[in-house]
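This is entry_35.pdb. It holds PDB, C-alpha atoms.
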```pdb
ATOM      1  CA  MET W   1     115.272 137.537  75.416
ATOM      2  CA  SER W   2     117.548 134.681  74.501
ATOM      3  CA  PHE W   3     116.026 131.441  73.250
ATOM      4  CA  SER W   4     117.722 129.296  75.920
ATOM      5  CA  VAL W   5     116.133 131.328  78.743
ATOM      6  CA  LEU W   6     112.720 130.855  77.158
ATOM      7  CA  VAL W   7     113.256 127.104  76.877
ATOM      8  CA  ILE W   8     114.340 126.895  80.528
ATOM      9  CA  ALA W   9     111.289 128.894  81.538
ATOM     10  CA  LEU W  10     109.031 126.530  79.616
ATOM     11  CA  CYS W  11     110.716 123.437  81.072
ATOM     12  CA  PRO W  12     108.060 122.736  83.745
ATOM     13  CA  LEU W  13     105.466 122.427  80.984
ATOM     14  CA  PHE W  14     107.344 119.492  79.488
ATOM     15  CA  LEU W  15     107.123 117.679  82.814
ATOM     16  CA  ILE W  16     103.309 117.651  82.804
ATOM     17  CA  PRO W  17     102.966 114.524  80.631
ATOM     18  CA  LEU W  18     105.479 112.698  82.827
ATOM     19  CA  TRP W  19     103.673 113.524  86.060
ATOM     20  CA  THR W  20     100.210 112.837  84.703
ATOM     21  CA  HIS W  21     101.394 109.578  83.189
ATOM     22  CA  HIS W  22     102.857 108.594  86.557
ATOM     23  CA  LEU W  23      99.497 109.305  88.196
ATOM     24  CA  PHE W  24      97.704 107.307  85.532
ATOM     25  CA  GLN W  25     100.101 104.363  85.989
ATOM     26  CA  ARG W  26      99.425 104.239  89.721
ATOM     27  CA  VAL W  27      95.648 104.227  89.311
ATOM     28  CA  TYR W  28      95.856 101.749  86.435
ATOM     29  CA  SER W  29      98.011  99.316  88.438
ATOM     30  CA  LEU W  30      95.623  99.512  91.397
ATOM     31  CA  GLU W  31      92.581  98.806  89.224
ATOM     32  CA  LYS W  32      94.451  95.980  87.509
ATOM     33  CA  SER W  33      95.193  94.431  90.896
ATOM     34  CA  PHE W  34      91.512  94.681  91.835
ATOM     35  CA  ILE W  35      90.432  93.010  88.583
ATOM     36  CA  ALA W  36      93.063  90.256  88.900
ATOM     37  CA  LEU W  37      91.999  89.617  92.492
ATOM     38  CA  ASP W  38      88.316  89.542  91.535
ATOM     39  CA  ASN W  39      88.988  87.111  88.686
ATOM     40  CA  GLY W  40      90.894  84.804  91.024
ATOM     41  CA  ALA W  41      88.247  85.093  93.737
ATOM     42  CA  ILE W  42      85.396  84.363  91.303
ATOM     43  CA  ILE W  43      87.163  81.244  90.017
ATOM     44  CA  LEU W  44      87.904  80.106  93.567
ATOM     45  CA  GLY W  45      84.320  80.714  94.711
ATOM     46  CA  ARG W  46      82.820  78.869  91.741
ATOM     47  CA  ARG W  47      85.105  75.870  92.101
ATOM     48  CA  ASP W  48      84.512  75.643  95.852
ATOM     49  CA  ARG W  49      80.775  75.847  95.259
ATOM     50  CA  GLU W  50      80.977  73.003  92.711
ATOM     51  CA  ASN W  51      83.152  70.993  95.075
ATOM     52  CA  PHE W  52      80.818  71.310  98.069
ATOM     53  CA  ASN W  53      77.727  70.694  95.942
ATOM     54  CA  LEU W  54      79.351  67.489  94.677
ATOM     55  CA  ILE W  55      79.929  66.453  98.293
ATOM     56  CA  GLU W  56      76.258  67.119  99.065
ATOM     57  CA  LYS W  57      75.216  65.088  96.026
ATOM     58  CA  ALA W  58      77.413  62.180  97.145
ATOM     59  CA  ASN W  59      75.917  62.461 100.639
ATOM     60  CA  MET W  60      72.394  62.196  99.207
ATOM     61  CA  PHE W  61      73.424  59.195  97.144
ATOM     62  CA  MET W  62      74.950  57.517 100.191
ATOM     63  CA  ALA W  63      71.858  58.307 102.289
ATOM     64  CA  ASN W  64      69.660  56.641  99.647
ATOM     65  CA  LEU W  65      71.954  53.612  99.592
ATOM     66  CA  GLU W  66      71.756  53.458 103.383
ATOM     67  CA  LYS W  67      67.956  53.286 103.189
ATOM     68  CA  LEU W  68      68.380  50.123 101.134
ATOM     69  CA  HIS W  69      71.265  48.846 103.212
ATOM     70  CA  HIS W  70      69.765  49.024 106.711
ATOM     71  CA  PRO W  71      67.002  46.363 106.267
ATOM     72  CA  VAL W  72      69.427  44.071 104.426
ATOM     73  CA  HIS W  73      72.055  44.593 107.140
ATOM     74  CA  ALA W  74      69.468  43.834 109.864
ATOM     75  CA  ALA W  75      68.541  40.597 108.102
ATOM     76  CA  VAL W  76      72.195  39.552 107.870
ATOM     77  CA  ALA W  77      72.811  40.466 111.530
ATOM     78  CA  SER W  78      69.833  38.301 112.611
ATOM     79  CA  GLY W  79      71.622  35.239 111.190
ATOM     80  CA  VAL W  80      68.767  33.958 109.018
ATOM     81  CA  ALA W  81      69.883  35.554 105.752
ATOM     82  CA  THR W  82      70.348  33.619 102.535
ATOM     83  CA  PRO W  83      73.669  33.847 100.651
ATOM     84  CA  ALA W  84      72.014  36.167  98.111
ATOM     85  CA  VAL W  85      71.055  38.654 100.846
ATOM     86  CA  ILE W  86      74.547  38.450 102.343
ATOM     87  CA  ALA W  87      76.016  39.202  98.910
ATOM     88  CA  GLN W  88      73.613  42.134  98.517
ATOM     89  CA  ASP W  89      74.684  43.472 101.920
ATOM     90  CA  LYS W  90      78.357  43.212 100.967
ATOM     91  CA  LEU W  91      77.705  44.917  97.631
ATOM     92  CA  LEU W  92      75.854  47.818  99.242
ATOM     93  CA  GLU W  93      78.562  48.247 101.867
ATOM     94  CA  THR W  94      81.269  48.285  99.198
ATOM     95  CA  LEU W  95      79.310  50.801  97.158
ATOM     96  CA  ILE W  96      78.815  53.100 100.162
ATOM     97  CA  LEU W  97      82.464  52.871 101.171
ATOM     98  CA  ALA W  98      83.638  53.465  97.594
ATOM     99  CA  THR W  99      81.378  56.505  97.235
ATOM    100  CA  HIS W 100      82.618  57.830 100.555
ATOM    101  CA  LYS W 101      86.254  57.367  99.586
ATOM    102  CA  LYS W 102      85.682  58.912  96.152
ATOM    103  CA  SER W 103      83.908  61.866  97.722
ATOM    104  CA  LEU W 104      86.813  62.491 100.115
ATOM    105  CA  VAL W 105      89.531  62.137  97.467
ATOM    106  CA  SER W 106      87.760  64.256  94.841
ATOM    107  CA  ALA W 107      87.003  66.925  97.459
ATOM    108  CA  GLN W 108      90.701  67.188  98.326
ATOM    109  CA  LEU W 109      91.730  67.249  94.652
ATOM    110  CA  LEU W 110      89.186  69.922  93.727
ATOM    111  CA  TRP W 111      90.087  71.962  96.808
ATOM    112  CA  THR W 112      93.746  72.057  95.714
ATOM    113  CA  LYS W 113      92.935  72.493  92.021
ATOM    114  CA  SER W 114      90.574  75.405  92.600
ATOM    115  CA  PHE W 115      93.224  77.295  94.495
ATOM    116  CA  LEU W 116      95.834  76.631  91.814
ATOM    117  CA  GLU W 117      93.418  77.827  89.119
ATOM    118  CA  SER W 118      92.665  80.972  91.051
ATOM    119  CA  THR W 119      96.378  81.656  91.566
ATOM    120  CA  ARG W 120      96.980  81.148  87.855
ATOM    121  CA  ALA W 121      94.192  83.583  86.987
ATOM    122  CA  ILE W 122      95.817  86.185  89.211
ATOM    123  CA  GLN W 123      99.283  85.538  87.804
ATOM    124  CA  LYS W 124      97.947  85.769  84.249
ATOM    125  CA  MET W 125      97.497  89.478  84.874
ATOM    126  CA  ASP W 126     101.086  89.804  86.139
ATOM    127  CA  GLU W 127     100.011  90.122  89.736
ATOM    128  CA  THR W 128     101.431  88.152  92.619
ATOM    129  CA  ILE W 129      99.552  86.805  95.570
ATOM    130  CA  GLU W 130     100.970  88.338  98.715
ATOM    131  CA  SER W 131      99.283  86.052 101.175
ATOM    132  CA  LYS W 132      96.540  83.535 101.317
ATOM    133  CA  VAL W 133      94.801  82.055 104.292
ATOM    134  CA  ARG W 134      93.461  78.713 103.208
ATOM    135  CA  ARG W 135      93.742  75.285 104.749
ATOM    136  CA  MET W 136      95.924  72.838 102.846
ATOM    137  CA  LYS W 137      93.486  70.058 103.670
ATOM    138  CA  VAL W 138      89.879  70.300 102.561
ATOM    139  CA  PRO W 139      87.734  71.203 105.596
ATOM    140  CA  VAL W 140      85.571  68.097 105.743
ATOM    141  CA  VAL W 141      84.881  65.511 108.394
ATOM    142  CA  SER W 142      83.737  61.904 107.952
ATOM    143  CA  LYS W 143      80.608  60.724 109.738
ATOM    144  CA  THR W 144      79.909  57.129 110.691
ATOM    145  CA  CYS W 145      76.484  55.504 110.736
ATOM    146  CA  PRO W 146      75.567  54.517 114.344
ATOM    147  CA  VAL W 147      73.631  51.475 113.087
ATOM    148  CA  CYS W 148      75.994  49.751 110.657
ATOM    149  CA  PHE W 149      79.220  51.592 111.602
ATOM    150  CA  LEU W 150      79.969  52.488 107.988
ATOM    151  CA  SER W 151      81.494  55.820 106.988
ATOM    152  CA  ASN W 152      78.543  57.096 105.040
ATOM    153  CA  ARG W 153      78.662  60.850 105.129
ATOM    154  CA  VAL W 154      81.114  63.703 104.483
ATOM    155  CA  ASP W 155      80.298  66.951 106.248
ATOM    156  CA  VAL W 156      81.882  70.280 105.333
ATOM    157  CA  ILE W 157      83.153  72.291 108.302
ATOM    158  CA  SER W 158      81.511  75.562 107.314
ATOM    159  CA  SER W 159      83.547  77.653 109.751
ATOM    160  CA  GLU W 160      86.785  76.814 107.947
ATOM    161  CA  VAL W 161      85.869  77.250 104.294
ATOM    162  CA  THR W 162      86.634  80.957 104.014
ATOM    163  CA  THR W 163      89.696  81.884 101.954
ATOM    164  CA  HIS W 164      91.539  85.151 102.272
ATOM    165  CA  LEU W 165      93.250  86.328  99.084
ATOM    166  CA  GLN W 166      95.595  89.280  99.078
ATOM    167  CA  VAL W 167      97.422  90.893  96.178
ATOM    168  CA  GLU W 168     100.405  93.155  96.676
ATOM    169  CA  ASN W 169     100.315  96.497  94.886
ATOM    170  CA  LYS W 170     102.702  99.438  94.825
ATOM    171  CA  ILE W 171     100.117 101.681  96.461
ATOM    172  CA  ARG W 172      98.437  99.332  98.894
ATOM    173  CA  LYS W 173      97.470  95.731  99.432
ATOM    174  CA  VAL W 174      94.114  94.696  98.039
ATOM    175  CA  ASP W 175      92.347  91.742  99.533
ATOM    176  CA  VAL W 176      89.073  89.898  99.526
ATOM    177  CA  LEU W 177      87.468  87.063 101.468
ATOM    178  CA  VAL W 178      85.792  84.283  99.517
ATOM    179  CA  GLU W 179      83.141  82.767 101.735
ATOM    180  CA  PRO W 180      81.072  79.757 100.660
ATOM    181  CA  PHE W 181      77.808  79.430 102.573
ATOM    182  CA  ILE W 182      74.815  77.090 102.738
ATOM    183  CA  LYS W 183      71.547  78.111 101.111
ATOM    184  CA  PHE W 184      68.308  76.150 101.277
ATOM    185  CA  ASN W 185      66.530  75.992  97.940
ATOM    186  CA  LEU W 186      63.076  74.357  98.274
ATOM    187  CA  GLY W 187      64.343  72.366 101.240
ATOM    188  CA  ARG W 188      67.460  71.271  99.395
ATOM    189  CA  LYS W 189      70.838  72.177 100.789
ATOM    190  CA  GLU W 190      72.967  74.060  98.272
ATOM    191  CA  TRP W 191      76.261  75.846  98.520
ATOM    192  CA  GLU W 192      76.746  79.375  97.256
ATOM    193  CA  TYR W 193      79.584  81.825  97.686
ATOM    194  CA  LYS W 194      79.928  85.482  98.465
ATOM    195  CA  PHE W 195      82.729  87.978  98.737
ATOM    196  CA  LYS W 196      83.568  90.040 101.745
ATOM    197  CA  GLU W 197      85.983  92.886 102.172
ATOM    198  CA  ALA W 198      88.861  92.088 104.471
ATOM    199  CA  PHE W 199      89.801  94.822 106.926
TER     200      PHE W 199
ATOM    201  CA  MET H   1     124.525 151.430  81.021
ATOM    202  CA  ASN H   2     121.033 152.328  82.280
ATOM    203  CA  ASN H   3     119.454 151.078  79.092
ATOM    204  CA  LYS H   4     121.217 147.708  79.476
ATOM    205  CA  ARG H   5     120.088 147.399  83.095
ATOM    206  CA  GLY H   6     116.548 148.257  82.049
ATOM    207  CA  SER H   7     116.530 145.629  79.329
ATOM    208  CA  VAL H   8     117.785 142.967  81.780
ATOM    209  CA  LEU H   9     115.056 143.960  84.218
ATOM    210  CA  LEU H  10     112.461 143.749  81.461
ATOM    211  CA  GLU H  11     113.788 140.355  80.414
ATOM    212  CA  ALA H  12     113.687 139.123  84.015
ATOM    213  CA  ILE H  13     110.088 140.306  84.414
ATOM    214  CA  ILE H  14     109.056 138.592  81.180
ATOM    215  CA  VAL H  15     110.803 135.335  82.152
ATOM    216  CA  LEU H  16     109.295 135.472  85.629
ATOM    217  CA  GLY H  17     105.875 136.008  84.082
ATOM    218  CA  ILE H  18     106.345 133.009  81.786
ATOM    219  CA  VAL H  19     107.567 130.843  84.672
ATOM    220  CA  ILE H  20     104.560 131.803  86.790
ATOM    221  CA  LEU H  21     102.238 131.118  83.868
ATOM    222  CA  CYS H  22     103.906 127.734  83.313
ATOM    223  CA  ILE H  23     103.525 126.833  86.975
ATOM    224  CA  VAL H  24      99.850 127.832  86.981
ATOM    225  CA  ILE H  25      99.169 125.800  83.831
ATOM    226  CA  GLN H  26     101.052 122.875  85.322
ATOM    227  CA  VAL H  27      99.189 123.010  88.639
ATOM    228  CA  GLU H  28      95.856 123.337  86.862
ATOM    229  CA  THR H  29      96.547 120.465  84.465
ATOM    230  CA  THR H  30      97.874 118.173  87.197
ATOM    231  CA  ARG H  31      94.897 119.047  89.366
ATOM    232  CA  ARG H  32      92.465 118.342  86.552
ATOM    233  CA  VAL H  33      94.120 115.031  85.704
ATOM    234  CA  SER H  34      94.359 113.893  89.326
ATOM    235  CA  VAL H  35      90.687 114.714  89.985
ATOM    236  CA  GLY H  36      89.677 112.793  86.862
ATOM    237  CA  LEU H  37      91.803 109.776  87.768
ATOM    238  CA  ILE H  38      90.781 109.666  91.409
ATOM    239  CA  PHE H  39      87.118 109.994  90.458
ATOM    240  CA  GLN H  40      87.536 107.167  87.998
ATOM    241  CA  LEU H  41      89.123 105.024  90.714
ATOM    242  CA  ALA H  42      86.382 105.948  93.182
ATOM    243  CA  ALA H  43      83.687 105.094  90.613
ATOM    244  CA  PHE H  44      85.426 101.773  89.957
ATOM    245  CA  GLN H  45      85.583 100.947  93.671
ATOM    246  CA  LYS H  46      81.952 101.908  94.168
ATOM    247  CA  VAL H  47      80.693  99.847  91.238
ATOM    248  CA  ARG H  48      82.821  96.876  92.376
ATOM    249  CA  SER H  49      81.437  97.164  95.861
ATOM    250  CA  GLU H  50      77.854  97.288  94.531
ATOM    251  CA  MET H  51      78.474  94.295  92.282
ATOM    252  CA  PHE H  52      79.913  92.135  95.039
ATOM    253  CA  SER H  53      77.470  93.433  97.680
ATOM    254  CA  PHE H  54      80.166  94.715  99.967
ATOM    255  CA  ASN H  55      79.333  96.852 102.951
ATOM    256  CA  ARG H  56      78.177 100.212 101.526
ATOM    257  CA  PHE H  57      79.108 102.223 104.567
ATOM    258  CA  ALA H  58      82.651 100.821 104.619
ATOM    259  CA  THR H  59      83.053 101.547 100.908
ATOM    260  CA  ASP H  60      81.818 105.115 101.339
ATOM    261  CA  VAL H  61      84.260 105.647 104.184
ATOM    262  CA  ALA H  62      87.109 104.220 102.080
ATOM    263  CA  ILE H  63      86.193 106.462  99.132
ATOM    264  CA  SER H  64      85.918 109.508 101.357
ATOM    265  CA  HIS H  65      89.348 108.686 102.820
ATOM    266  CA  LEU H  66      90.764 108.285  99.303
ATOM    267  CA  MET H  67      89.361 111.678  98.276
ATOM    268  CA  LYS H  68      90.726 113.396 101.360
ATOM    269  CA  GLU H  69      94.188 111.964 100.808
ATOM    270  CA  SER H  70      94.427 112.290  97.049
ATOM    271  CA  VAL H  71      92.509 115.460  96.227
ATOM    272  CA  PRO H  72      92.469 117.404  99.498
ATOM    273  CA  PHE H  73      91.518 120.711  97.853
ATOM    274  CA  LEU H  74      88.069 119.299  97.084
ATOM    275  CA  SER H  75      87.370 118.603 100.745
ATOM    276  CA  ALA H  76      88.641 122.070 101.667
ATOM    277  CA  GLN H  77      85.846 123.705  99.684
ATOM    278  CA  LYS H  78      83.255 125.740 101.548
ATOM    279  CA  ASN H  79      80.305 123.528 100.671
ATOM    280  CA  ASN H  80      79.857 120.332 102.623
ATOM    281  CA  MET H  81      79.494 118.190  99.513
ATOM    282  CA  PRO H  82      82.849 118.153  97.753
ATOM    283  CA  TYR H  83      81.551 115.671  95.177
ATOM    284  CA  ARG H  84      78.344 114.007  94.069
ATOM    285  CA  GLU H  85      78.014 110.311  93.518
ATOM    286  CA  GLU H  86      75.251 108.483  91.761
ATOM    287  CA  VAL H  87      74.798 104.737  91.442
ATOM    288  CA  GLN H  88      72.700 103.610  88.531
ATOM    289  CA  VAL H  89      71.572 100.019  88.749
ATOM    290  CA  SER H  90      69.384  98.427  86.166
ATOM    291  CA  PHE H  91      69.458  94.656  86.409
ATOM    292  CA  SER H  92      66.877  94.204  83.665
ATOM    293  CA  GLN H  93      69.369  95.594  81.171
ATOM    294  CA  MET H  94      72.367  94.162  83.053
ATOM    295  CA  LYS H  95      73.645  97.652  83.583
ATOM    296  CA  LEU H  96      75.483  98.889  86.638
ATOM    297  CA  SER H  97      77.373 102.128  86.627
ATOM    298  CA  THR H  98      78.524 104.785  89.048
ATOM    299  CA  VAL H  99      78.918 108.466  88.302
ATOM    300  CA  PHE H 100      81.144 110.765  90.305
ATOM    301  CA  SER H 101      81.066 114.448  89.546
ATOM    302  CA  THR H 102      82.335 117.649  91.094
ATOM    303  CA  LYS H 103      82.775 121.334  90.436
ATOM    304  CA  TYR H 104      85.744 123.259  91.743
ATOM    305  CA  PRO H 105      87.093 126.788  91.224
ATOM    306  CA  ALA H 106      89.585 127.040  88.388
ATOM    307  CA  LEU H 107      92.875 128.903  88.646
ATOM    308  CA  ILE H 108      92.700 129.896  85.004
ATOM    309  CA  ARG H 109      89.442 131.275  83.726
ATOM    310  CA  LEU H 110      88.789 130.170  80.201
ATOM    311  CA  GLN H 111      86.164 131.375  77.803
ATOM    312  CA  GLU H 112      83.909 128.708  76.404
ATOM    313  CA  GLU H 113      81.078 129.536  73.997
ATOM    314  CA  GLY H 114      81.242 133.180  74.907
ATOM    315  CA  VAL H 115      80.968 132.546  78.653
ATOM    316  CA  ILE H 116      83.901 132.825  81.036
ATOM    317  CA  LYS H 117      84.017 129.595  83.034
ATOM    318  CA  LYS H 118      85.028 130.065  86.653
ATOM    319  CA  ASN H 119      84.697 126.407  87.597
ATOM    320  CA  PHE H 120      85.870 123.119  86.294
ATOM    321  CA  GLU H 121      83.378 120.293  86.123
ATOM    322  CA  VAL H 122      84.576 116.708  86.239
ATOM    323  CA  THR H 123      82.301 113.734  85.691
ATOM    324  CA  GLN H 124      83.569 110.184  85.599
ATOM    325  CA  VAL H 125      81.442 107.162  84.819
ATOM    326  CA  CYS H 126      82.525 103.591  85.453
ATOM    327  CA  ARG H 127      80.518 100.659  84.191
ATOM    328  CA  PHE H 128      81.181  97.277  85.676
ATOM    329  CA  PRO H 129      83.630  95.600  83.302
ATOM    330  CA  PHE H 130      81.997  92.167  83.373
ATOM    331  CA  LEU H 131      78.578  93.356  82.185
TER     332      LEU H 131
END
```
Using structure tokens, write down the structure that the file contains.
Amino acid sequence: MSFSVLVIALCPLFLIPLWTHHLFQRVYSLEKSFIALDNGAIILGRRDRENFNLIEKANMFMANLEKLHHPVHAAVASGVATPAVIAQDKLLETLILATHKKSLVSAQLLWTKSFLESTRAIQKMDETIESKVRRMKVPVVSKTCPVCFLSNRVDVISSEVTTHLQVENKIRKVDVLVEPFIKFNLGRKEWEYKFKEAF
Amino acid sequence: MNNKRGSVLLEAIIVLGIVILCIVIQVETTRRVSVGLIFQLAAFQKVRSEMFSFNRFATDVAISHLMKESVPFLSAQKNNMPYREEVQVSFSQMKLSTVFSTKYPALIRLQEEGVIKKNFEVTQVCRFPFL
């Protein structure tokens, strides 16, 4: 038997490493996409949780200020207040409004920053985000006090906080939903996050 | 003349035999590798699902679908359980792992430790990478 015929006959054996490596590459790229997506989702969930907990903290602070403000405001409204009380009323109102404004601005900044950080974490692993369903504006609404008509509360619209992240892969798209939710810990309102599979 | 024809026939039979042997080895190796890889992927998906508390039923369906599509010969076996899965969770030691294992008839019967093995056994373990 000639040597060339033997080599040709053995040719399929040389293809085994190529095929198995191709299989390995496919599985490896899929797992890499999953890990990149999870990293991004974890960062997004943590940052959103911090953001919403900061809003809750600011709300508590503003509620405490309001407890001080209401009697002072009532005294000023009655028209018998001294200049010192009027000054105190103005100071409290400014403080409440400043806290409210700061809460709104920082919420928007953190909302945008968290998404950018999550995108960067995904891109760090050479993966690209295929689609994302997330509001550009932070889902919060301002509440006004019915007594003194001051904006003294920022409420998170919990139905619009979910983010859908999707990473494109050669085999299939992998996606996950990051869903912050409210948890009551010893009567205190706290935000947590969980992941859900998107179908 | 007859001798030459006979030698060509012999050569053809030998080459055909080698080709068939090559194909069998190739099929067996590819099968073994694909089962190992798919089991590893399934174990990864299962452990990820457990870690993130995804819906177990949905994950099982997805894994079963993956097995049927990627390694259909396992599902075609006579027994109803083409593979075994085992989730080991131990939060005290921060340990979460999933084991997928199967046994399927081999095309080539190899002798190991004096015993001819008729089946291949594949076991893949995936620990959650963050722990």
The PyMOL selection byres ((chain W) within 10 of (chain H)) applied to the shown file, residues as a ChimeraX atom specification: /W:1-2,5-6,8-17,19-21,23-24,26-28,30-31,34-35,38,194-197,199
Computed interatomic separation between CA of Lys132 in chain W and CA of Ile43 in chain W (Å):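 For CA of Lys132 in chain W relative to CA of Ile43 in chain W, the distance reads 14.9 Å.
Considering the residues H:Ala62, H:Leu74, H:Leu9, H:Val125 and counting all atoms listed in the file, Val99 in chain H has its shortest atom-to-atom contact with H:Val125.
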Explicit residue set for the PyMOL selection byres ((chain W and resi 158) around 8), as an MDAnalysis selection string: chainID W and resid 139 156:157 159:161 180:181
Radius query 7 Å about (86.4, 121.6, 88.7), atoms used: only C-alpha atoms, as a ChimeraX atom specification: /H:102-106,119-122
All residues 8 Å or closer to Asn169 in chain W, only C-alpha atoms, same chain fewer than 2 positions away omitted, as a list in words: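 Skipping anything fewer than 2 positions along the chain leaves Ser29, Leu30, Ser33, Val167, Ile171, Arg172, Lys173 and Val174 of chain W.
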Between CA of Lys102 in chain W and CA of Thr144 in chain W, distance in Å (one decimal): 15.7 Å
Around all the atoms of range 35-54 of chain W listed in the file, draw an axis-aligned box and extend it by 5 Å on each of the six sides; I want its centre and edge lengths in Å to one decimal, as JSON.
```
{"center_x": 85.4, "center_y": 80.2, "center_z": 93.3, "size_x": 25.3, "size_y": 35.5, "size_z": 19.5}
```
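The environment of His69 in chain W within 9 Å, counting only C-alpha atoms and disregarding residues fewer than 3 places along the same chain, consists of W:Asn64, W:Leu65, W:Glu66, W:Val72, W:His73, W:Ala74, W:Gln88, W:Asp89, W:Leu92, W:Glu93, W:Cys148.
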Distance of CA of Ala43 in chain H from CA of Ile122 in chain W, expressed in Å to one decimal place: 22.5 Å
